[in-house]
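Asks: Dumping the structure here so I can ask a few things about it.
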Amino acid sequence: MAWIMGLLWLQINLLGWDSCAAIMGRRILPKSLKGVCLYNISKNMEKRWCVDYYKNFYGQGTYLHVIGPFDCLTPDLIQELIQCLVVNGWMKRYYLHVLIDWRFESLDLSVCKKAANKDSIINIIAVRCQKLTSLNISSCNQVSARMLSDLVMALPNITSLNLRHTKCSDQVLTQIGQCCKNLHELDIYGCPVTDMGVMSLCVSFDPKHPKVEKLLKLDIAFTAVSYKAVEIVLCNCKRLQILHYPDTCAAIYYMDAKGVFESVDYREPLRLQTLNLMMMKEMDCRPNDSLSISCLRCPFVTKVYIHRGITDEGVLHLAVLQHLKVLHLTNDNGEDITFEGGLLPLLQAAGSGLEEFAISEVNLLDIAVIGHCCPKLRKFICLTASFRFASFPMHTHPEITLQEGRGAPYQNLEELRLSIYNERNDFPAYFLQLILLNAKRLRELHLVHIQEFSDDLVKSVLEVNPLERLHRLSLDQCNRIGVEPIFDLLLAKNDLVSLSLRCCQELTRIDFEDLQRAVQVNRLEVVIDWS
């Protein structure tokens with residue numbers, strides 16, 4: 001005991017009491033009693049808990065119910081047990097024969113898709129789990145479309161169904177439209193469905209029996225569905241709030257051109273909360289026009305994702321959205337969107353409510369002005385790659401940055417991603433320091449080719465802002481950062497659990513091994529990735 005106290009005294013003297021306490025607080029903690037129990041049950045599944053079923057019943061049929069050792073566990077605990085089996089690499093398919101229970105109201109098998117990726121497992125769900133309201137079998141791509149159809153027919157109470165990356169076909173969508181009257185959420189991302197399937201899902205020829213009328217969220221991205229089917233969805237699913245599709249704006253534009261919104265059925269605006277604009281090749285509408293119409297027809301929009309095609313004129317149309325919180329904007333032509341002509345007027349009009357802002361390929365950004373115009377900003381992403389000479393001017397609008405009564409910028413920032421992919425360009429140290437000094441709530445920091453992120457800058461930041469909430473740090477090609485400030489962050493009082501160091505010239509394999517050794521010695525719950 002004396003030598004342990006001696007080591008503790010030495011560590012306190014070397015690091016200080018606060019630093020030592022912080023390290024102790026981030027150490028790998030013992031498992032809870034529940035965690036220990038789940039671990040031991042998982043470890044003994046093959047030898048004890050499932051051995052009788054495997055010897056006497058496995059492969060002899062599909063059972064309505066298996067009276068087994070898990071009847072006393074709640075469905076939530078069984079779901080945690082499934083997760084524990086997967087995390088430790090012990091999951092086997094026949095375990096699910098015993099674990100899948102008639103009491104389940106919510107079941108997520110995407111965590112064990114290797115074991116669940118079989119018609120026999122999905123058939124067990126169809127036979128036993130009629131009470132299910134939420135089911136996730138995403139990426140179970142070996143399950144047949146016929147089995148999916150049978151499953152849907154057996155789940156009349158389902159409200160949330162995730163079939164992402166499965167063999168869900170038009171026939172399966174037909175069954176969903178006929179059987180799932182209470183469906184609120186449907187995810188068929190990346191499934192082999194077409195316009196015909198979407199029509200079968202939501203079009204009813206009997207007004208007294210509408211299909212999926214309660215649908216609130218639909219993901220049909222990366223399918224063969226065209227904008228024409230999206231028009232049909234919007235016409236028949238009046239409650240729809242979230243629609244994931246590459247270009248919802250084009251569909252709304254064509255609906256407006258056909259006079260759909262002038263009919264009696266559209267006395268109220270669309271309830272969509274998300275807009276996507278990509279300018280696909282088959283579209284013959286101007287992106288600026290489709291965005292303008294969409295903003296007018298969808299006044300409740302909170303999230304806008306623009307991938308290409310608009311100019312300053314289109315950016316200004318977004319100013320009418322009073323509830324805008326998330327904006328992702330990509331400028332596919334370097335001169336189409338400018339800071340002064342498009343972004344700045346928009347941020348002055350709508351920036352006060354923005355919580356997430358991602359901007360790609362826009363030159364001459366004044367980062368300080370963005371921070372002052374968006375005081376609630378929690379996530380900021382800035383990417384520059386195509387410009388031969390990218391510039392980030394300073395002090396362009398003192399009437400904004402020096403306005404009396406304004407707080408410091410980026411005070412609410414939780415996630416920062418900066419990427420400069422051209423070696424000729426760099427992100428100014430002034431702006432990087434401005435953000436990091438004020439971002440007391442920062443949890444994630446991802447930097448790519450930001451050479452101004454140096455030892456001196458990190459030390460100056462940590463003196464003012466110790467980054468106590470930092471959870472993840474990722475540095476890629478940041479060549480002026482050494483190992484000393486990384487050690488400072490690793491052993492500081494913060495929440496760091498993930499540290500990624502890729503292609504940083506000053507960080508060697510020896511440094512990586514020293515960091516790994518520090519994690520092991522202090523029993524820190526930190527994963528370090530180096531290359």
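By convention in this document, the chains of the structure tokens carry letters A, B, ... by their order, each chain's residues are numbered from 1, and ligands are numbered from 1 in the order they are shown.
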What parts of region 169-405 of chain A does DSSP call strand (DSSP E)? I'd like the answer as a ChimeraX atom specification.
Replies: /A:185-187,217-219,242-244,274-277,303-306,326-330,356-360,379-384
Asks: Can you list, as a VMD selection string, every residue of region 343-514 of chain A that DSSP puts in helix (DSSP H, G or I)?
Replies: chain A and resid 343 to 353 367 to 373 398 to 401 429 to 438 455 to 464 483 to 491 509 to 514
Asks: So which residues touch Val127 (chain A) within 9 Å, counting only C-alpha atoms, skipping near sequence neighbours fewer than 3 positions away, as a list in words?
Replies: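 Near neighbours after the sequence-gap exclusion: Thr62, Tyr63, Leu64, Trp102, Ile122, Asn123, Ile124, Gln130, Leu151 and Ala154 of chain A.
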Asks: CA of Lys459 (chain A) and CA of Thr396 (chain A), how far apart in Å?
Replies: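 Distance between the two atoms: 28.1 Å.
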Asks: May I ask which of the residues A:Arg502, A:Lys31, A:Lys376, A:Lys113 is the closest one to Gln477 (chain A), counting only C-alpha atoms?
Replies: A:Arg502
Asks: What's the 10 Å shell around Gly68 (chain A), counting only C-alpha atoms, without same-chain residues fewer than 5 positions away, as an NGL selection string?
Replies: :A and (49-50 or 52-53 or 98-99)
Asks: Of the candidates A:Cys504, A:Leu499, A:Met147, A:Leu524, which shows the shortest atom-to-atom distance to Phe453 (chain A), using only C-alpha atoms?
Replies: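 Answer, going by the shortest atom-to-atom distance: A:Cys504.
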Asks: May I ask which of the residues A:Gln171, A:Pro485, A:Leu434, A:Pro69 is the closest one to Arg48 (chain A), counting only C-alpha atoms?
Replies: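 Closest to Arg48 (chain A), using only C-alpha atoms: A:Pro69.
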Asks: In Å, rounded to a single decimal, give me how far CA of Val66 (chain A) is from CA of Tyr54 (chain A).
Replies: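 These two atoms are separated by 11.9 Å.
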